[in-house]
Structure formats: structure tokens, C-alpha cells
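So this block is upload33.txt, compact mmCIF, C-alpha atoms:
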# COMPACT_ATOMS: atom_id res chain seq x y z
CA MET U 1 21.72 -16.73 -8.08
CA ASP U 2 19.07 -15.65 -10.50
CA SER U 3 15.86 -15.06 -8.60
CA ARG U 4 13.90 -15.98 -11.73
CA ALA U 5 15.43 -19.42 -11.61
CA ILE U 6 14.12 -19.99 -8.09
CA LEU U 7 10.78 -18.55 -9.09
CA ALA U 8 10.56 -21.02 -11.95
CA GLU U 9 11.22 -23.97 -9.65
CA LEU U 10 8.72 -23.04 -6.94
CA PRO U 11 5.56 -24.56 -8.45
CA ARG U 12 7.30 -27.88 -9.04
CA LEU U 13 8.85 -27.95 -5.61
CA ARG U 14 5.42 -27.34 -4.21
CA ARG U 15 3.81 -30.06 -6.28
CA TYR U 16 6.42 -32.53 -5.15
CA ALA U 17 6.14 -31.50 -1.49
CA ARG U 18 2.36 -31.83 -1.61
CA ALA U 19 2.59 -35.29 -3.10
CA LEU U 20 5.23 -36.34 -0.58
CA VAL U 21 3.75 -34.87 2.60
CA GLY U 22 0.06 -34.94 1.77
CA ASP U 23 -1.17 -32.11 3.95
CA ARG U 24 -1.30 -28.79 2.15
CA ALA U 25 -0.12 -26.57 5.00
CA ALA U 26 2.66 -28.93 6.05
CA ALA U 27 3.83 -29.25 2.45
CA ASP U 28 3.85 -25.49 1.93
CA ASP U 29 5.80 -25.07 5.16
CA LEU U 30 8.34 -27.54 3.86
CA VAL U 31 8.69 -25.54 0.65
CA GLN U 32 9.14 -22.33 2.60
CA ASP U 33 11.76 -23.93 4.85
CA THR U 34 13.52 -25.15 1.72
CA LEU U 35 13.57 -21.63 0.32
CA GLU U 36 14.94 -20.25 3.56
CA ARG U 37 17.66 -22.84 3.64
CA ALA U 38 18.45 -22.30 -0.03
CA TRP U 39 18.84 -18.56 0.47
CA SER U 40 21.05 -19.01 3.45
CA ARG U 41 23.25 -21.43 1.53
CA PHE U 42 23.15 -20.22 -1.99
CA ALA U 43 26.87 -19.60 -1.87
CA GLN U 44 27.14 -23.39 -1.95
CA TRP U 45 25.16 -23.67 -5.16
CA ARG U 46 27.30 -23.95 -8.26
CA PRO U 47 25.78 -22.02 -11.15
CA ASP U 48 26.51 -24.83 -13.61
CA SER U 49 24.69 -27.43 -11.51
CA ASN U 50 21.07 -28.46 -11.51
CA LEU U 51 19.11 -26.00 -9.40
CA ARG U 52 16.05 -28.20 -9.04
CA ALA U 53 18.08 -31.18 -7.88
CA TRP U 54 19.86 -28.93 -5.39
CA LEU U 55 16.58 -27.60 -4.01
CA LEU U 56 15.12 -31.10 -3.81
CA THR U 57 18.20 -32.26 -1.93
CA ILE U 58 17.72 -29.46 0.59
CA MET U 59 14.06 -30.35 0.89
CA HIS U 60 14.91 -33.96 1.59
CA HIS U 61 17.39 -33.06 4.29
CA LEU U 62 14.77 -30.90 5.97
CA ARG U 63 12.14 -33.58 5.62
CA ALA U 64 14.49 -36.18 7.08
CA ASP U 65 15.09 -33.85 10.05
CA GLN U 66 11.35 -33.48 10.51
CA LEU U 67 10.79 -37.21 10.42
CA ARG U 68 13.57 -37.81 12.93
CA ARG U 69 12.07 -35.30 15.35
CA ARG U 70 8.46 -36.42 15.10
CA PRO U 71 7.46 -39.00 12.53
CA PRO U 72 4.14 -37.67 11.26
CA PRO U 73 1.80 -40.04 9.51
CA PHE U 74 1.04 -39.06 5.94
CA THR U 75 -1.98 -36.90 6.52
CA ALA U 76 -4.21 -37.74 3.65
CA GLY U 77 -5.69 -34.29 4.06
CA ASP U 78 -5.55 -33.58 0.39
CA VAL U 79 -7.55 -36.55 -0.63
CA ARG U 80 -10.53 -34.30 -0.01
CA GLU U 81 -12.90 -33.86 -2.90
CA ASP U 82 -12.34 -30.10 -3.16
CA ASP U 83 -8.63 -30.61 -3.65
CA MET U 84 -9.10 -32.95 -6.53
CA PRO U 85 -8.09 -31.68 -9.93
CA SER U 86 -10.73 -29.62 -11.62
CA ARG U 87 -9.31 -29.59 -15.08
CA PRO U 88 -9.78 -32.37 -17.59
CA THR U 89 -7.34 -35.21 -17.12
CA GLN U 90 -6.64 -38.54 -18.70
CA THR U 91 -7.63 -40.26 -15.50
CA ASP U 92 -11.08 -40.11 -14.02
CA ARG U 93 -11.75 -38.51 -10.66
CA LEU U 94 -12.68 -41.68 -8.85
CA GLU U 95 -9.43 -43.29 -9.89
CA LEU U 96 -7.50 -40.25 -8.74
CA ALA U 97 -9.13 -40.36 -5.33
CA GLU U 98 -8.13 -43.99 -5.03
CA LEU U 99 -4.63 -43.22 -6.19
CA ALA U 100 -4.30 -40.48 -3.58
CA ALA U 101 -5.34 -42.92 -0.89
CA ALA U 102 -2.97 -45.56 -2.23
CA ILE U 103 -0.05 -43.14 -2.33
CA ALA U 104 -0.72 -42.33 1.30
CA GLN U 105 -0.25 -45.97 2.21
CA LEU U 106 3.24 -46.20 0.76
CA PRO U 107 6.23 -45.88 3.06
CA GLU U 108 7.57 -42.37 2.54
CA GLU U 109 10.94 -43.60 1.26
CA GLN U 110 9.18 -45.44 -1.55
CA ARG U 111 6.81 -42.56 -2.20
CA ALA U 112 9.75 -40.17 -2.60
CA VAL U 113 11.40 -42.28 -5.28
CA LEU U 114 8.19 -42.89 -7.18
CA LEU U 115 7.31 -39.17 -7.15
CA LEU U 116 10.76 -38.10 -8.29
CA VAL U 117 10.41 -40.50 -11.20
CA ALA U 118 6.80 -39.73 -12.08
CA LEU U 119 6.48 -36.03 -11.31
CA GLU U 120 10.03 -34.74 -11.62
CA GLU U 121 11.09 -37.22 -14.33
CA MET U 122 14.51 -37.32 -12.72
CA PRO U 123 17.04 -39.84 -13.99
CA TYR U 124 17.65 -42.69 -11.53
CA ALA U 125 21.23 -41.60 -10.96
CA GLU U 126 20.11 -38.09 -10.03
CA ILE U 127 17.54 -39.49 -7.62
CA ALA U 128 20.26 -41.54 -5.97
CA GLY U 129 22.27 -38.33 -5.50
CA THR U 130 19.32 -36.33 -4.22
CA LEU U 131 18.26 -38.94 -1.69
CA ALA U 132 21.84 -40.02 -0.92
CA ILE U 133 21.09 -43.69 -1.53
CA PRO U 134 22.67 -46.23 -3.90
CA ILE U 135 21.06 -46.58 -7.29
CA GLY U 136 20.13 -50.19 -6.50
CA THR U 137 18.07 -48.86 -3.61
CA VAL U 138 16.39 -46.39 -5.95
CA MET U 139 15.42 -49.30 -8.20
CA SER U 140 14.16 -51.53 -5.41
CA ARG U 141 12.09 -48.76 -3.84
CA LEU U 142 10.65 -47.81 -7.22
CA SER U 143 9.76 -51.41 -7.93
CA ARG U 144 8.12 -51.91 -4.55
CA ALA U 145 6.21 -48.65 -4.81
CA ARG U 146 4.84 -49.43 -8.25
CA ASP U 147 3.86 -52.96 -7.38
CA HIS U 148 2.25 -51.81 -4.17
CA LEU U 149 0.18 -49.21 -5.98
CA ARG U 150 -0.72 -51.74 -8.60
CA ARG U 151 -1.91 -54.25 -6.05
CA ILE U 152 -4.09 -51.65 -4.39
CA LEU U 153 -5.50 -50.25 -7.61
CA ASP U 154 -5.86 -53.59 -9.38
CA GLY U 155 -7.35 -55.13 -6.27
CA ARG U 156 -10.16 -52.66 -6.62
CA ALA U 157 -10.77 -53.79 -10.19
CA GLY U 158 -10.74 -57.43 -9.11
CA ASN U 159 -7.60 -58.32 -11.02
CA THR U 160 -5.02 -60.63 -9.64
CA CYS U 161 -1.52 -59.63 -8.80
CA LEU U 162 0.78 -60.46 -11.66
CA ARG U 163 4.02 -62.26 -11.40
CA VAL U 164 7.20 -60.23 -11.07
CA VAL U 165 9.55 -60.96 -13.94
CA GLN U 166 13.10 -61.53 -12.83
CA MET Y 167 24.03 -58.38 -24.63
CA ASN Y 168 21.39 -59.96 -26.85
CA ASP Y 169 21.10 -62.89 -24.51
CA THR Y 170 20.86 -60.83 -21.35
CA PRO Y 171 17.57 -61.73 -19.72
CA ILE Y 172 15.06 -58.95 -19.26
CA THR Y 173 14.88 -58.05 -15.58
CA ASP Y 174 12.45 -56.25 -13.37
CA ALA Y 175 14.81 -53.27 -13.40
CA ASP Y 176 14.75 -53.29 -17.21
CA LEU Y 177 10.99 -52.93 -17.21
CA HIS Y 178 11.10 -49.90 -14.94
CA ALA Y 179 13.92 -48.37 -16.92
CA TYR Y 180 11.95 -49.06 -20.09
CA VAL Y 181 8.92 -47.22 -18.73
CA ASP Y 182 11.10 -44.31 -17.60
CA GLY Y 183 13.16 -44.04 -20.78
CA GLU Y 184 16.38 -44.89 -18.98
CA LEU Y 185 17.58 -47.68 -21.26
CA PRO Y 186 20.12 -47.31 -24.04
CA VAL Y 187 18.42 -47.34 -27.42
CA ASP Y 188 19.38 -50.92 -28.34
CA ARG Y 189 18.26 -52.30 -25.01
CA GLN Y 190 15.02 -50.34 -25.26
CA ALA Y 191 14.36 -52.09 -28.58
CA GLN Y 192 15.18 -55.50 -27.12
CA VAL Y 193 12.75 -54.96 -24.28
CA ALA Y 194 10.06 -53.78 -26.69
CA ASP Y 195 10.51 -56.93 -28.79
CA TRP Y 196 10.41 -59.12 -25.73
CA LEU Y 197 7.27 -57.41 -24.42
CA SER Y 198 5.44 -58.15 -27.66
CA THR Y 199 5.60 -61.82 -26.73
CA GLN Y 200 4.95 -61.39 -23.00
CA PRO Y 201 1.42 -60.17 -22.32
CA THR Y 202 1.83 -60.38 -18.55
CA ALA Y 203 4.90 -58.18 -18.48
CA ALA Y 204 3.36 -55.90 -21.08
CA ALA Y 205 0.39 -55.41 -18.79
CA ARG Y 206 2.74 -54.38 -16.00
CA VAL Y 207 4.42 -51.86 -18.25
CA LEU Y 208 1.06 -50.42 -19.19
CA ALA Y 209 0.05 -50.22 -15.55
CA TYR Y 210 3.27 -48.40 -14.61
CA ARG Y 211 2.75 -45.92 -17.41
CA ALA Y 212 -0.83 -45.37 -16.30
CA GLN Y 213 0.40 -44.76 -12.74
CA LYS Y 214 2.81 -42.10 -13.92
CA GLN Y 215 0.11 -40.37 -15.88
CA ALA Y 216 -2.35 -40.61 -13.01
CA LEU Y 217 0.17 -39.16 -10.55
CA ARG Y 218 0.65 -36.17 -12.80
CA ASP Y 219 -3.08 -35.79 -13.22
CA LEU Y 220 -3.48 -35.92 -9.47
CA PHE Y 221 -0.77 -33.44 -8.52
CA ASP Y 222 -0.31 -31.17 -11.53
CA PRO Y 223 -3.12 -28.85 -10.39
CA VAL Y 224 -0.85 -27.85 -7.48
CA LEU Y 225 1.33 -26.11 -10.07
CA ASP Y 226 -1.40 -23.58 -10.70
CA GLU Y 227 -2.42 -22.82 -7.14
CA PRO Y 228 -1.87 -19.27 -5.96
CA TRP Y 229 1.18 -18.95 -3.70
CA PRO Y 230 1.11 -18.11 -0.02
CA PRO Y 231 2.04 -14.42 0.15
CA SER Y 232 5.22 -15.03 2.12
CA TRP Y 233 6.79 -16.88 -0.80
CA HIS Y 234 6.95 -13.91 -3.08
CA ARG Y 235 9.58 -12.36 -0.89
CA TYR Y 236 11.94 -15.25 -1.52
CA ALA Y 237 11.22 -15.51 -5.16
CA ALA Y 238 11.25 -11.86 -6.07
CA SER Y 239 14.62 -10.82 -4.72
CA PRO Y 240 17.10 -12.12 -2.18
CA PRO Y 241 15.57 -11.28 1.20
CA PRO Y 242 18.62 -9.57 2.69
CA LEU Y 243 18.16 -6.77 0.19
CA ALA Y 244 14.85 -5.60 1.59
CA PRO Y 245 15.49 -2.86 4.16
CA LEU Y 246 13.72 -3.60 7.41
CA SER Y 247 11.39 -0.64 7.27
CA GLN Y 248 10.29 -1.25 3.70
CA TRP Y 249 10.07 -4.93 4.26
CA SER Y 250 7.85 -4.45 7.26
CA ARG Y 251 5.54 -2.25 5.28
CA TRP Y 252 5.40 -4.80 2.51
CA ARG Y 253 3.99 -7.30 4.88
CA HIS Y 254 0.96 -5.08 5.15
CA SER Y 255 0.48 -4.53 1.47
CA TRP Y 256 0.72 -7.67 -0.54
CA PRO Y 257 -0.84 -6.25 -3.69
CA ALA Y 258 1.95 -3.67 -3.81
CA LEU Y 259 4.50 -6.38 -3.23
CA ALA Y 260 3.00 -8.53 -5.94
CA ALA Y 261 3.24 -5.60 -8.31
CA GLY Y 262 6.82 -5.12 -7.18
CA CYS Y 263 7.56 -8.73 -7.93
CA LEU Y 264 6.32 -8.31 -11.46
CA LEU Y 265 8.47 -5.25 -11.95
CA THR Y 266 11.45 -7.06 -10.53
CA LEU Y 267 10.81 -9.95 -12.82
CA ALA Y 268 10.23 -7.79 -15.81
CA GLY Y 269 13.35 -5.74 -15.59
CA GLY Y 270 15.22 -6.07 -12.39
CA SER Y 271 16.81 -9.46 -12.46
CA ALA Y 272 19.51 -8.75 -14.96
CA GLY Y 273 20.29 -5.52 -13.19
CA TRP Y 274 20.36 -7.28 -9.87
CA LEU Y 275 22.76 -9.88 -11.17
CA ALA Y 276 25.08 -7.26 -12.54
CA HIS Y 277 24.77 -5.37 -9.29
CA ALA Y 278 25.68 -8.43 -7.28
CA ARG Y 279 28.59 -9.22 -9.50
CA PHE Y 280 30.18 -5.82 -9.62
CA HIS Y 281 29.27 -4.23 -6.34
CA PRO Y 282 29.56 -6.87 -3.65
CA ALA Y 283 30.41 -4.27 -0.99
CA THR Y 284 27.04 -2.60 -1.52
CA VAL Y 285 25.26 -5.89 -1.01
CA ILE Y 286 26.98 -6.50 2.30
CA ALA Y 287 25.92 -3.08 3.48
CA GLN Y 288 22.24 -3.77 2.85
CA THR Y 289 19.88 -4.32 5.73
CA VAL Y 290 18.57 -7.68 6.84
CA PRO Y 291 14.98 -8.29 8.02
CA LEU Y 292 14.53 -8.56 11.77
CA PRO Y 293 13.54 -12.24 12.01
CA ARG Y 294 16.50 -13.23 9.90
CA GLN Y 295 18.97 -11.17 11.93
CA ALA Y 296 17.55 -12.69 15.09
CA ALA Y 297 17.64 -16.24 13.76
CA VAL Y 298 21.22 -15.91 12.57
CA ALA Y 299 22.27 -14.46 15.93
CA HIS Y 300 20.46 -17.30 17.66
CA ALA Y 301 22.09 -19.90 15.44
CA VAL Y 302 25.55 -18.44 16.01
CA PHE Y 303 25.51 -17.97 19.79
CA SER Y 304 23.01 -20.41 21.27
CA PRO Y 305 25.08 -23.57 20.57
CA ASP Y 306 28.09 -21.99 22.28
CA ILE Y 307 28.69 -23.96 25.46
CA LYS Y 308 31.58 -22.00 26.97
CA ARG Y 309 30.75 -18.45 26.06
CA PRO Y 310 27.14 -18.01 24.95
CA VAL Y 311 26.93 -14.52 26.45
CA GLU Y 312 29.25 -11.62 27.13
CA ILE Y 313 27.86 -10.76 30.53
CA SER Y 314 26.17 -13.47 32.55
CA ALA Y 315 22.94 -13.23 34.53
CA GLU Y 316 24.92 -13.06 37.78
CA HIS Y 317 25.73 -9.51 36.76
CA GLU Y 318 22.32 -8.67 35.41
CA GLU Y 319 22.39 -5.10 36.66
CA GLN Y 320 25.69 -4.47 34.92
CA LEU Y 321 24.36 -6.12 31.77
CA VAL Y 322 21.27 -3.92 31.73
CA THR Y 323 23.24 -0.73 32.36
CA TRP Y 324 25.77 -1.53 29.68
CA LEU Y 325 23.29 -2.55 26.99
CA SER Y 326 20.99 0.40 27.75
CA LYS Y 327 23.93 2.77 27.43
CA ARG Y 328 25.09 1.27 24.17
CA LEU Y 329 21.63 1.14 22.61
CA GLY Y 330 20.89 4.63 23.86
CA THR Y 331 17.63 3.60 25.48
CA ALA Y 332 16.53 1.48 28.41
CA VAL Y 333 16.52 -2.21 27.57
CA ARG Y 334 16.17 -5.09 29.96
CA PRO Y 335 15.62 -8.83 29.68
CA ALA Y 336 12.11 -10.19 30.08
CA LYS Y 337 11.53 -12.47 33.06
CA LEU Y 338 10.55 -15.92 31.88
CA GLY Y 339 11.20 -17.90 35.05
CA GLN Y 340 7.53 -18.74 35.45
CA LEU Y 341 7.60 -20.33 32.03
CA GLY Y 342 10.65 -22.36 32.93
CA TYR Y 343 13.31 -20.25 31.21
CA GLU Y 344 16.11 -18.68 33.24
CA LEU Y 345 18.29 -15.86 31.99
CA ILE Y 346 21.84 -16.90 31.07
CA GLY Y 347 22.95 -13.39 30.19
CA GLY Y 348 23.27 -11.16 27.17
CA ARG Y 349 25.51 -9.62 24.58
CA LEU Y 350 25.82 -6.68 22.27
CA LEU Y 351 25.66 -7.32 18.53
CA PRO Y 352 25.92 -5.26 15.38
CA GLY Y 353 22.54 -4.65 13.77
CA ASN Y 354 21.84 -3.07 10.42
CA SER Y 355 22.96 0.40 11.42
CA GLY Y 356 24.04 0.18 15.04
CA PRO Y 357 24.08 -1.96 18.16
CA VAL Y 358 21.37 -4.45 19.08
CA ALA Y 359 21.02 -6.58 22.19
CA GLN Y 360 20.60 -10.31 22.58
CA PHE Y 361 19.43 -11.94 25.79
CA MET Y 362 19.77 -15.67 26.18
CA TYR Y 363 17.72 -18.04 28.31
CA HIS Y 364 17.64 -21.75 28.89
CA ASP Y 365 15.22 -24.22 30.41
CA ALA Y 366 15.94 -27.19 32.66
CA SER Y 367 16.62 -29.41 29.66
CA GLY Y 368 19.20 -26.97 28.30
CA GLN Y 369 16.96 -25.75 25.47
CA ARG Y 370 18.08 -22.23 24.62
CA LEU Y 371 15.97 -19.26 23.74
CA THR Y 372 17.16 -15.84 22.61
CA LEU Y 373 15.43 -12.50 22.77
CA TYR Y 374 16.76 -10.07 20.20
CA VAL Y 375 16.07 -6.40 20.82
CA SER Y 376 16.68 -3.83 18.13
CA THR Y 377 16.06 -0.11 18.40
CA GLU Y 378 16.68 0.58 14.76
CA ASN Y 379 13.13 0.67 13.60
CA VAL Y 380 12.03 4.03 12.28
CA ALA Y 381 9.20 3.39 9.86
CA ASN Y 382 6.75 1.16 11.64
CA ARG Y 383 4.84 2.17 14.69
CA GLU Y 384 3.61 -1.23 15.68
CA THR Y 385 2.91 -4.69 14.34
CA ALA Y 386 1.13 -7.75 15.58
CA PHE Y 387 3.05 -10.92 16.30
CA ARG Y 388 4.56 -12.50 13.27
CA PHE Y 389 6.00 -15.92 12.91
CA GLU Y 390 8.75 -17.18 10.68
CA ALA Y 391 10.60 -20.46 10.50
CA GLN Y 392 14.22 -19.74 9.66
CA GLY Y 393 15.55 -23.19 8.96
CA SER Y 394 15.36 -25.11 12.21
CA VAL Y 395 14.97 -21.90 14.22
CA ASN Y 396 11.47 -20.62 14.86
CA VAL Y 397 11.07 -16.88 15.36
CA PHE Y 398 8.23 -14.76 16.72
CA TYR Y 399 8.78 -11.07 16.23
CA TRP Y 400 6.96 -7.81 16.54
CA ILE Y 401 7.62 -4.11 16.34
CA ASP Y 402 6.66 -1.64 19.00
CA GLY Y 403 7.60 1.93 18.20
CA LYS Y 404 11.31 2.07 17.60
CA PHE Y 405 11.79 -1.34 19.20
CA GLY Y 406 11.89 -4.53 17.23
CA TYR Y 407 11.68 -7.72 19.27
CA ALA Y 408 12.35 -11.24 18.07
CA LEU Y 409 12.22 -14.39 20.12
CA SER Y 410 14.07 -17.36 18.62
CA ALA Y 411 14.38 -20.99 19.59
CA SER Y 412 14.28 -24.47 18.12
CA VAL Y 413 11.05 -25.23 19.91
CA GLY Y 414 7.54 -25.72 18.56
CA LYS Y 415 5.52 -22.80 17.35
CA ASP Y 416 2.97 -23.10 20.15
CA GLU Y 417 5.50 -23.07 22.94
CA LEU Y 418 7.32 -20.17 21.35
CA ALA Y 419 4.02 -18.29 21.01
CA ARG Y 420 3.40 -18.66 24.74
CA LEU Y 421 6.85 -17.31 25.51
CA ALA Y 422 6.48 -14.48 23.02
CA SER Y 423 3.15 -13.45 24.57
CA ALA Y 424 4.79 -13.31 27.98
CA VAL Y 425 7.62 -11.14 26.67
CA HIS Y 426 5.22 -8.90 24.82
CA GLU Y 427 3.10 -8.45 27.93
CA GLN Y 428 6.07 -7.44 30.05
CA PHE Y 429 7.33 -4.87 27.56
CA ASP Y 430 3.91 -3.59 26.69
CA SER Y 431 3.28 -2.55 30.28
CA ARG Y 432 6.47 -0.51 30.33

Rewrite the structure from the file as C-alpha cells, please.
Amino acid sequence: MDSRAILAELPRLRRYARALVGDRAAADDLVQDTLERAWSRFAQWRPDSNLRAWLLTIMHHLRADQLRRRPPPFTAGDVREDDMPSRPTQTDRLELAELAAAIAQLPEEQRAVLLLVALEEMPYAEIAGTLAIPIGTVMSRLSRARDHLRRILDGRAGNTCLRVVQ
Amino acid sequence: MNDTPITDADLHAYVDGELPVDRQAQVADWLSTQPTAAARVLAYRAQKQALRDLFDPVLDEPWPPSWHRYAASPPPLAPLSQWSRWRHSWPALAAGCLLTLAGGSAGWLAHARFHPATVIAQTVPLPRQAAVAHAVFSPDIKRPVEISAEHEEQLVTWLSKRLGTAVRPAKLGQLGYELIGGRLLPGNSGPVAQFMYHDASGQRLTLYVSTENVANRETAFRFEAQGSVNVFYWIDGKFGYALSASVGKDELARLASAVHEQFDSR
């Protein structure tokens, strides 16, 4: 395995773990555990396959193990002001703080799907493979996550919840 | 196809660019007449953008030092002595990473491809050796050890003779762990010893003792999670000790302190 390939994936793995787990230290631990596991199993990785998806799959197995052992609440540790983005963004800081809080309220299974779509821009089929769930479940979790976030964020702005189109 | 109603799933797939081109166009047409649905689509897009705005800064954060070891080269290639020194000099390691990245990767790949025997002969860092040994032997119900604790004296004599120096198991009875026994294992360049313990619940703990260390005089406790196995390890003169178990870091730290205390007062 090309070490540069792993190196290139690390920042994204870390971003995803942070968004999924919330707490910085716990998220970094999860990334490190993922690396350990990846190294110990890299014979199983096929060079023509998607390295990021493989690493994310490992991360999800480890995370599922963690949750089975001791379900930790999403520690909204990184909603702190000093962890907020410092570079210019298209979204203002107040909104981001609210988004961070809203994300923390989602069930983790929904959060995972939403983050794989939004941050990793993974195709739905690949998400289904990574999380080992049917694609219909990917869609329903994505839909629930987005509507949940929308209710929280729109609620703040005083808007009403809009009808779901079937 | 043209008459297929637009579903909730279509809207998500539209936002995420997952629709075939013709369906994408159909949905776009339909949205132009449906302000409510169009508002949802806008909101979903805004969420995606906001999530990236919120978490993208993580991409630029400096890494914890321990990560460079995984990224720079496969860890089994770092000889124990060098690797231990690296842990004390991160700037040097960082520089090493850059060099590796700049020129080494292609060479490493070629090396791995054409000289597999050399790779196998390379040394493995202490916590990894210990964790692998733990993972291999601790689940073994019938034969976890070669010589059981009933014959502790024989075990100690044999292992001391094979390692060429006096080794003995730490006593962890006061912390609830009883000795099961021990075995001899191949280390990087010679024999190493593994002692195994268990508590009342059957939780197993292994103490890995290596005498192969030549470069480092001493280190403080270090912790590493090796998959589901947690490892505390330290180096004392020529001895390298590693305590491994699938227990929490705090409990393992207590046990490691007890072991360290007993061997320190040798």
C-alpha cells in the first residue's frame, strides 16, 4: 500500500470522525484506531478498490464496537466557540454554532449517512456498502436527518415545517 | 418515465447529483412550479454547504504526533531502537516524514514488491509485538500458556535461561489478576517471554517481557491502542515491558504501575 495514499486520506477521515463523534480527542482516537486496524489488515485491501471507502468501513466497524460496549452520548465538545471555523465561510458563525448543536441531536445512524453525503460526497450505493445497510435505509436516514436539521434550524427562524412531498 | 411522480427520494438524489441526466431535468422542471419543494431543495443544499463550512477547518488542523508514524511508512519497518528514539524527537521524525514523502515512497513500494523476505525480517515496535502476542494467545481456552502457574518455579527457571537473564512474572493478585502461566515467543532477534493473567471474570491480561532493547536506557510509560487491545509499555535498560488487555486505559494504567513498581525495585 502506498503510504502517500493513506497520508492523503487522513485529513478527511479526521474531519468525518470529528463530525460523527463530536469530541476532538475521542474522534482522533477513532482515527488512530482506524489506522492501526488498516495497517494490520492492509493485505485485505485490493489496490484497485476505493481506499477511502475501505478506511471509512473500518472506522464504522470500530465505532459500532465502541457503541456496543458503552454507548457514549454525542459530546458536543466541539461546539465551543474556539473550535468554530476561523476562515471565511458562506455560512455565518451563529448559524454554524446552531448547526453543530443540531447535528449533535441527530441519532448517530442518521448523522453518519448525512455526513457521508455532505462531507465525503459518497454515492448512495457506496454509503450502503460502507455502513452495510440497504440503499433504502440510506435514503430514509438521509431524509430523516435532513428534515430533522431543517426543523431545528427553521424553527429558530420562525418558519413552519414544510410538507414532505411523496 | 415522464409520468413518474417526483418522490422524496428524487429530491435528495437531485440535491446530491445522483439522478440520471433526464430525470435531473424532469425534477428541475417540476421544481420550477413547486415553490414548497424548491424551498426544501434550497434548504438541503444550504445544509450541505454549512456542514462543510463547519467541519472543513478540521482538514487543516495539525496532526497528533503519533499519526505521522502510520502515515510516513508502515510501522513494522521502524526498528525498535530507532522507533523508540523517534518518540522523543518529533521534529526529527517530521523531517523524516517529509523525506520519505519526497523520495522514499516509490522506493519503498519497489522494495516491498521485490524483496518481501527483507520486509519480514524487519523489526516490529514493542507495543505492536505485545498486542499481536496478546491477540493470538489470550483467546486460547485450552492452551493459553506453555507452562502453567502451578509450575511457576519451572516457568521462571526456563524463561530466565532462554532469555539469558532473570525474568519473573509480576504479582498482581492484590489487583485481582492471578497468573495463568507463561510462554516463550520469538521476538525481533531472539526469545521474549509472555506471562498471562486473568481476573475473576475471565478477563485476560498479558505481560510481555523483551530483553532485546539496546538503544534506550529508559522511558516513561507509554500508551497505545492496538485495535481493541490496549497496551502500556515502557523500557528499562535492556528490558522492554508491555502490558496488554482489552480493558479500559485507566484500569490498565493501574496494573502497569503495579508491574513497574515491582520490577523497578529489583

Go through Y:Ser412, Y:Ser376, Y:Gln392, Y:Gln340 and flag the residue nearest chain U, using all atoms listed in the file for the distances.
Y:Gln392

What residues have an atom no more than 12 Å from (2.5, -23.7, 6.0) in the file's own frame, counting all atoms listed in the file, and can you write them as number ranges by chain?
U: 14, 17-18, 21, 23-34; Y: 229-233, 389-391, 415

Point out the residue among U:Pro134, U:Pro107, U:Leu149, U:Pro47 with the least atom-to-atom distance to chain Y, counting only C-alpha atoms.
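Of all the options, U:Leu149 lies closest to chain Y.
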
Nearest to chain Y: which of U:Leu99, U:Leu106, U:Leu51, U:Ile133 is it, counting only C-alpha atoms?
U:Leu99

When you draw a straight line from CA of Lys308 (chain Y) to CA of Thr331 (chain Y), how long is it in Å?
29.2 Å

Residue nearest Glu378 (chain Y) - candidates Y:Gly414, Y:Gly330, Y:Pro335, Y:Gly183, atoms counted: all atoms listed in the file:
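Result for the nearest residue to Glu378 (chain Y): Y:Gly330.
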
Any idea what's packed within 12 Å of Arg420 (chain Y), counting all atoms listed in the file, ignoring anything in its chain fewer than 3 positions away? Could you give it as a PyMOL selection string?
chain Y and resi 338+340-343+387+398+409+413-417+423-427

Some atoms are missing, so please complete region 295-311 of chain Y with N, CA and C atoms and return it as a short mmCIF file (atom, residue, chain, number, x, y, z; two decimals), keeping the file's coordinate frame.
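File written: result13.cif
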data_model
loop_
_atom_site.label_atom_id
_atom_site.label_comp_id
_atom_site.auth_asym_id
_atom_site.auth_seq_id
_atom_site.Cartn_x
_atom_site.Cartn_y
_atom_site.Cartn_z
N GLN Y 295 17.86 -11.58 11.05
CA GLN Y 295 18.97 -11.17 11.93
C GLN Y 295 18.92 -11.97 13.22
N ALA Y 296 17.70 -12.04 13.79
CA ALA Y 296 17.55 -12.69 15.09
C ALA Y 296 17.88 -14.17 14.99
N ALA Y 297 17.41 -14.80 13.91
CA ALA Y 297 17.64 -16.24 13.76
C ALA Y 297 19.12 -16.54 13.56
N VAL Y 298 19.78 -15.68 12.80
CA VAL Y 298 21.22 -15.91 12.57
C VAL Y 298 21.97 -15.74 13.90
N ALA Y 299 21.61 -14.68 14.64
CA ALA Y 299 22.27 -14.46 15.93
C ALA Y 299 22.01 -15.63 16.87
N HIS Y 300 20.79 -16.14 16.81
CA HIS Y 300 20.46 -17.30 17.66
C HIS Y 300 21.32 -18.51 17.26
N ALA Y 301 21.37 -18.72 15.94
CA ALA Y 301 22.09 -19.90 15.44
C ALA Y 301 23.59 -19.82 15.76
N VAL Y 302 24.11 -18.59 15.78
CA VAL Y 302 25.55 -18.44 16.01
C VAL Y 302 25.89 -18.63 17.50
N PHE Y 303 25.10 -18.01 18.38
CA PHE Y 303 25.51 -17.97 19.79
C PHE Y 303 24.88 -19.04 20.67
N SER Y 304 23.66 -19.49 20.33
CA SER Y 304 23.01 -20.41 21.27
C SER Y 304 23.71 -21.78 21.40
N PRO Y 305 24.40 -22.28 20.36
CA PRO Y 305 25.08 -23.57 20.57
C PRO Y 305 26.38 -23.44 21.36
N ASP Y 306 26.80 -22.20 21.63
CA ASP Y 306 28.09 -21.99 22.28
C ASP Y 306 28.00 -22.41 23.73
N ILE Y 307 28.77 -23.43 24.10
CA ILE Y 307 28.69 -23.96 25.46
C ILE Y 307 29.46 -23.06 26.43
N LYS Y 308 30.69 -22.69 26.03
CA LYS Y 308 31.58 -22.00 26.97
C LYS Y 308 31.25 -20.52 27.12
N ARG Y 309 30.91 -19.89 25.99
CA ARG Y 309 30.75 -18.45 26.06
C ARG Y 309 29.52 -17.99 25.26
N PRO Y 310 28.34 -18.40 25.70
CA PRO Y 310 27.14 -18.01 24.95
C PRO Y 310 26.80 -16.54 25.11
N VAL Y 311 27.26 -15.93 26.20
CA VAL Y 311 26.93 -14.52 26.45
C VAL Y 311 28.20 -13.76 26.82
#
